[in-house]
Structure formats: C-alpha cells, structure tokens
Amino acid sequence: MLRTGAALAPALWLAGCGTLASTDRAATGSAAPLPPTPAFVPVPPQFTDAFVVASGYTWDRIATWGDALFADVASLDPLDVASGSFLYDDAAQKQARRFGANCDALAYFPLVPGDSARGVLCINHEYITAELTFTGLPASGRLRAASRRKWIEQHPGAVAWMQAAHGVSVVHVARGAKGWQIMPGNNTRRVTANTPCEIAGPARGAELLRTNADRTGTLVLGTFANCAGGKTPWGTYLTAEENFPDYFGQARSWAESTDDMLARHAQRRFHAFDASPYGWEHADPRFDARVEPREPLRFGWIVEIDPQDPAAAPRKRTALGRFMHEGANTILAPDGRVVAYMGDDEQFEYLYKFVTRAAFDPKNPAANRDLLDDGILYAARLDADGRGEWLPLVLDDNGPLNAATGFHSQADVVIRVREAADLLGATPMDRPEDVEPSPVTGRVYVACTKNTDRQPRETFAESSGRRVDFQVNTSNPRPANELGHIVELIEADDDAAAMRFRWNVFLLAGNPTAPGTRFLVDATALVPGQLGAADTYYAGFGDASSVSPIACPDNLGIDPTGRLWIVSDSNDRTRPNNGCFVVPTAGRERGMLRQLASGPRGCELCGCEFTPDGTSLFLSVQHPGEGGTIDAPVSHWPDGGELPARSTVIAVRREDGGPL
C-alpha cells in the first residue's frame, strides 16, 4: 500500500496545488480504499460514571494508580487515599515502586517481533490532580494556591511523593484467559521526577543548561509533565515533557529582577508563576527560580527511554527542540531516515518535524543509538492555498537565525525554538497536540484540540511572550474554537522528509445534529470569517445522522488497516463524557466517525495504542472525577462504592477476538 501511495503521489501533488476544494477532493480519493470498518452500533453520548463500550466489545483493567510493580511493596489501599494516611512514613519510596498517577501516553513493544499477546508497555504519568489526591484542600483552586505553602509544611512528605508519582512506568503485560494483566518482568521500571537523565544533542553542555547542581550541563534529575509519546523504529520509547513551567515557583518575580538576561530571554516565550500550581518550590530548592533560575531550561524536551534496559539512563534529545511537547511520532522516509512529528500544545503555537541526518539501520542497533542527536528540526507554514512548507530551524549567517537575532549556536536555536519559529514565519495553530503519521498511507494527522481566543477578524494581542494575530485562517478557520479540529497533511511525493506538503481540514469537531449547527459537506464552505463557532465538517461525509458528535480531539492512533482513532479531552462538564472514536480516512466511509467507547465522569481518554494484529487497543483513563474533589467526589471509578477515583490503563477488545 505504501508503494502504491508513492506511485500516485506526484499526480496527486499536481492535482492538489490549486484551491482548498481541489485539495480536499484529491485527499478523498488518493489512497487505496480501506477494508470496511467492523460493524458496531456507536455508543451514544454518556454522562454515567462508567467505562462504556459498544456491544460486542469488552475491556480489561491492567494497572491503576498505586498498584505495586515490584514484589517488595504492597499496592496502595484506596481507603488510605480517602483518609490521607498514604502520605506518611515512607510514602515516596513506596510510590516509586508503584504505578504512577494520571496515566497518559502508551507504547506497546512486543517481546518478540509481531507478538500481540506479550510485550512491554510504557506509560506516562503526566501530573498530580491535587484535589483528587489530597484530603482537606480547599475546593477553590484560588484558595488552594493561597494555602499551598502552609499545607506542604504540614505534610512534609507530599512533594517527594508527588515527584515519585510522576514520570514513566515500564511494565510487562500479557493477554491470557482473563484478558490483559501486568506480569513480573526483569525490565519493570519506574522513571520519576528524580531519576538521573542525560542531556544529549546540540544543547548538551550549553551554558544555559548549567546549574549550581550540574555545572557541566549534561545531567538533569527527572522528567515530569509527560503527556503524549511515541516509539522509534529501533524499539525505544519517546516521552514528551509538556507543561513543565507549572512546576517552577518565583519565576515571574525572578524574571522581573534578574540580571541574567540570557536565561530570562530564553524563558520569555513561556508562562511563569510566582506560586506554582504544585508548590514543589516550598520543599525542593531546584524548583525555586531564585535558587536555580536555569533549571526550567532543562525541561520541555523529548526524552528517549530504552524499555529493554532498565539500567540505561533516559536521554533528553535536545535536537528535537524545547517547547511544550505533546508527543513525537515517527515514520521512516523512503531513504531510511527517521522523521518525528511533534505538536506544541499551547494556543497559537506551532507544528514541527525532525528529520535525522543518517538513515535507520535495522541490522546495526548500535548505529541507531544516537540517531536523534543529529538532524534538522523544522516548523510548519500552512499557506492559504492548501500548500505548506517545512521551515528549517538551523543556525544560518544568511538567514534570520544568526548572531544579529541572538542565535550564536544550534544550542541557542533548540533551546529557543519558539522564538526561532516566530522569526521564520511558522503558522500559529489551535493547540496542536498529537501528530500521527500513518504507516499505511503516509498521511499525517494533526489534532488541534481547541483555541477559544480565535477571532473572526484581525486582532493582535499578547500570547506566550509575543504579539500574534488571533484572526482565523484557512488551517484554523473557526472562531472561538471550543470544539477543536483535525488537519491532514500529505507530504510531497509521499516522502516524510520532504520540504513541502499539501494540507486540508479533515474534521471540524462538534455535534452535527445540534440545533443551529451547520453540517458542512463541501470543503469550499470552510472559509475563514464565514464559519460559525459550532459549524461541523467530517471530511466531506454527507450523512449527519450516521456520525457521532465529538469535542476536543486530543491523542490519535492509527490501526493496522490505516483507520484513524481519536480520543477526546473536553473539560466542559456540561458536555457528555470524553470518548474514543474511529474514522476511516479514505474511500466511501471517509469521515464517517463513530464512537466506540465512553469514559467515566471527569476523565480524559489518552493513548490509542494497538497490538500489531489490531485486536487490542490500550487506553489511559486519566483523572476520572475531575470537577470534584476527594472530599466531594463526582466519580468512584474504577473501584466503585465510595472509594476515590483513580487513573487506570485498560485494554479494549472485541468479544470474538477479532481486530477492532
């Protein structure tokens, strides 16, 4: 199928270089038809506190926050969470041996190639939802912030426990008669906010990454705020550091008073707090910007972890740039080079890709070890006519990234990637989150979760340290975009390493049958300035009654047949619970999106990871119960009764054992 797509690509490129309408028609018909989607009755919108799957499907509970991963520690008793007693004694040491909190990205690595019944699963633990974890906190977020220091002083082990609950879990999983379960394994591992990590790539040893604790700029403690992720062709896990600014206190006042202008300028394009949302600065000096002002620069990277070697230090691959990474999903270019697609998850930020300089060598694992340290990082410009260009973020005396603009090395470029992309004229997007290339068709899908600040007309305003036009454009065409959309990219000649591409809006999310909503079927109607905030578009599919409503697409996945899977992250509690959806990307059913599953109250669903045979889908159910507190809960999933809600990894299967 890949070869067929490559043969068709030149003609399609020429056919799609005109208007948005021709781009969309070419996209609709260019790929080989996919097999019919397995028949199921879509799950209707849910408000129940349960994980609901379509008839004919089932799911297995694999791991829940607090489950023991090693024989020397017992699992967390959820009653201890409800009482708060888990914070005492050796809470942090125990948590470092247990499954972490708020599971997010998932990556499955077969123990032997193609094995869909036994493998290693890597899971991110993004953050702590304090109100769902700690008793006695004020219900109001504002009041919690005001009393955070006092609360931490009363609970001196809380910060160490939170740091142990972050990071990554690496576990063995197997499918047996009772479904999927965690199994003992030599590679079982926890990576936390205090695990030593190597700094690799062009920023290794850079002055801006040197601190009092690490004067070499080569070793950093931990990874946290890990959102989505990815896998490499050589079998390692890529975890993305996203909302890292949330962990550093006194950063705003430090920036206003410091004479360290290099560090201040390098952090200009990120938000800063005096009182951080987690309060770690009250117990750990490295999170106090007055003590270690350059520590935040050591976060915001893609981190590579070897799931087969628990002794190998994680490596922060700085060549892929520093920003609020949502993930790093890879695909091989025709010449064997590795391409990683990434989104910067903030309003009006950019879409990126990284292309390795050397090719992947499947016969020489040692040659692939540091492939991600050498290559070219690009930011995307999406033009109004449906074409686009990848803009190289490289030091260039004859270009905008040079000494005159403050860039003296490639280390400066990767540390200040956002600013570099500003200068090159990249297109600000509506929170570009997961970016997923299809190994079947070669097309790339970009989930833009939402951007409520999009304006119908020219409006310049401050956003993340620079002025930007908030006006709608062809790739972000909807004002007050509360519902999000998905963009489809088609690389020139089906070459992931190409410098140019075509693009189209694949989906404008929403409820196609809601009163007052327009369900659009013609791409020519997607005109910026003429769309309503609730208008929907499902890749040209014409039957509104046959599709499921969706809001805020977040993580994406591609199953072995090439269908696109979407999980959602809407935090509007007046809407139905977040869900898992599938949509064909080609053929007569292109755009016919249907909901397979719905999560419990307050959760977002993450993951979308398949076994090689497509018979199991791994999902993370993150922060069930959000919108309530542990003292006034709105969810008791998955344990039920009056027990507190806990994040959990599950596997969805068909009851007959067939591909999803």
# chains A, B, ... in the order shown; residues from 1 in each chain; ligands from 1
>>> select_by_dssp(residues="region 399-524 of chain A", states="strand (DSSP E or B)", output="ChimeraX atom specification")
/A:429-430,432-437,444-448,451,455,460-463,466-469,471,473,476,481,485-491,500-508,510,519-520
>>> atom_distance(atom1="CA of Arg416 (chain A)", atom2="CA of Ala497 (chain A)")
23.0 Å
>>> residues_around(residues="Trp234 (chain A)", least_positions_apart="3", cutoff="9 Å", atoms="only C-alpha atoms", output="JSON, numbers by chain")
{"A": [231, 360, 361, 362, 365, 368, 369]}
>>> select_by_dssp(residues="region 257-315 of chain A", states="helix (DSSP H, G or I)", output="PyMOL selection string")
chain A and resi 257+261-266+280-282+285-287+295-298
>>> write_last_selection(atoms="C-alpha atoms", output="CSV table (one decimal), in the first residue's frame")
chain,number,residue,atom,x,y,z
A,257,SER,CA,14.5,41.4,38.8
A,261,MET,CA,19.5,38.3,30.7
A,262,LEU,CA,20.5,35.1,28.7
A,263,ALA,CA,18.3,32.9,30.9
A,264,ARG,CA,15.5,35.4,31.1
A,265,HIS,CA,15.4,35.8,27.3
A,266,ALA,CA,15.4,32.0,26.8
A,280,TRP,CA,7.4,22.0,44.9
A,281,GLU,CA,9.5,25.1,45.4
A,282,HIS,CA,8.4,25.1,49.0
A,285,PRO,CA,15.1,24.4,46.1
A,286,ARG,CA,15.7,23.4,42.4
A,287,PHE,CA,12.1,24.3,41.7
A,295,GLU,CA,16.7,24.6,35.9
A,296,PRO,CA,13.4,25.2,33.8
A,297,LEU,CA,15.6,25.2,30.7
A,298,ARG,CA,16.4,21.6,31.3
>>> closest_atom_pairs(of="region 112-158 of chain A", to="region 303-308 of chain A", cutoff="9 Å", atoms="only C-alpha atoms", output="tab-separated table")
residue	atom	partner	partner_atom	distance
A:Val120	CA	A:Pro307	CA	7.2
A:Leu121	CA	A:Pro307	CA	8.3
A:Cys122	CA	A:Pro307	CA	7.3
>>> write_last_selection(atoms="C-alpha atoms", output="PDB file, in the first residue's frame")
ATOM      1  CA  VAL A 120       6.375  -4.320  27.389  1.00  0.00           C
ATOM      2  CA  LEU A 121       4.076  -1.350  27.929  1.00  0.00           C
ATOM      3  CA  CYS A 122       5.463   2.141  28.587  1.00  0.00           C
TER       4      CYS A 122
END
>>> closest_residue(among="A:Thr223, A:Ala272, A:Leu395, A:Tyr108", to="Gly614 (chain A)", atoms="only C-alpha atoms")
A:Tyr108
>>> residues_around(residues="Asp49 (chain A)", least_positions_apart="2", cutoff="10 Å", atoms="only C-alpha atoms", output="PDB file with C-alpha atoms, in the first residue's frame")
ATOM      1  CA  GLN A  46     -22.832   9.346  28.091  1.00  0.00           C
ATOM      2  CA  PHE A  47     -22.952  11.096  31.461  1.00  0.00           C
ATOM      3  CA  PHE A  51     -16.448   2.989  31.089  1.00  0.00           C
ATOM      4  CA  VAL A  52     -18.928   2.062  28.363  1.00  0.00           C
ATOM      5  CA  ASN A 577     -18.072  12.324  28.898  1.00  0.00           C
ATOM      6  CA  SER A 598     -17.055   6.483  26.597  1.00  0.00           C
ATOM      7  CA  GLY A 599     -15.038   7.164  29.732  1.00  0.00           C
ATOM      8  CA  PRO A 600     -16.315   7.761  33.263  1.00  0.00           C
ATOM      9  CA  ARG A 601     -17.180  11.193  34.620  1.00  0.00           C
ATOM     10  CA  GLY A 602     -14.479  13.836  34.579  1.00  0.00           C
ATOM     11  CA  CYS A 603     -11.834  11.814  32.754  1.00  0.00           C
ATOM     12  CA  PRO A 624     -11.586  10.356  36.434  1.00  0.00           C
ATOM     13  CA  GLY A 625     -13.590  12.575  38.764  1.00  0.00           C
ATOM     14  CA  VAL A 634     -18.193  13.086  41.297  1.00  0.00           C
ATOM     15  CA  SER A 635     -16.649   9.710  40.355  1.00  0.00           C
ATOM     16  CA  HIS A 636     -15.726   6.469  42.106  1.00  0.00           C
ATOM     17  CA  TRP A 637     -14.337   4.747  39.010  1.00  0.00           C
ATOM     18  CA  PRO A 638     -12.858   2.114  38.709  1.00  0.00           C
ATOM     19  CA  GLY A 640     -16.853   1.727  42.762  1.00  0.00           C
TER      20      GLY A 640
END
>>> residues_around(residues="Gly321 (chain A)", least_positions_apart="3", cutoff="7 Å", atoms="only C-alpha atoms", output="list in words")
Trp301, Thr318, Val414, Ile415 and Val417 of chain A
>>> atom_distance(atom1="CA of Arg204 (chain A)", atom2="CA of Arg418 (chain A)")
18.9 Å
>>> residues_around(residues="Arg149 (chain A)", least_positions_apart="2", cutoff="7 Å", atoms="only C-alpha atoms", output="mmCIF file with N, CA and C atoms, in the first residue's frame")
data_model
loop_
_atom_site.group_PDB
_atom_site.id
_atom_site.type_symbol
_atom_site.label_atom_id
_atom_site.label_comp_id
_atom_site.auth_asym_id
_atom_site.auth_seq_id
_atom_site.Cartn_x
_atom_site.Cartn_y
_atom_site.Cartn_z
ATOM 1 N N SER A 147 -3.103 28.709 50.103
ATOM 2 C CA SER A 147 -2.771 27.937 51.301
ATOM 3 C C SER A 147 -1.779 26.804 51.026
ATOM 4 N N TRP A 151 0.039 24.116 53.616
ATOM 5 C CA TRP A 151 -0.346 22.704 53.542
ATOM 6 C C TRP A 151 0.884 21.823 53.367
ATOM 7 N N ILE A 152 1.821 22.230 52.530
ATOM 8 C CA ILE A 152 3.032 21.438 52.315
ATOM 9 C C ILE A 152 3.880 21.396 53.586
ATOM 10 N N GLU A 153 3.941 22.496 54.308
ATOM 11 C CA GLU A 153 4.675 22.486 55.575
ATOM 12 C C GLU A 153 4.042 21.515 56.569
ATOM 13 N N GLY A 279 3.556 23.637 44.043
ATOM 14 C CA GLY A 279 4.216 24.029 45.282
ATOM 15 C C GLY A 279 5.515 23.316 45.580
ATOM 16 N N HIS A 282 8.455 24.943 47.571
ATOM 17 C CA HIS A 282 8.435 25.111 49.025
ATOM 18 C C HIS A 282 9.213 24.021 49.750
#
>>> closest_residue(among="A:Pro633, A:Gly336, A:Gly442, A:Gly628", to="Glu491 (chain A)", atoms="only C-alpha atoms")
A:Gly442
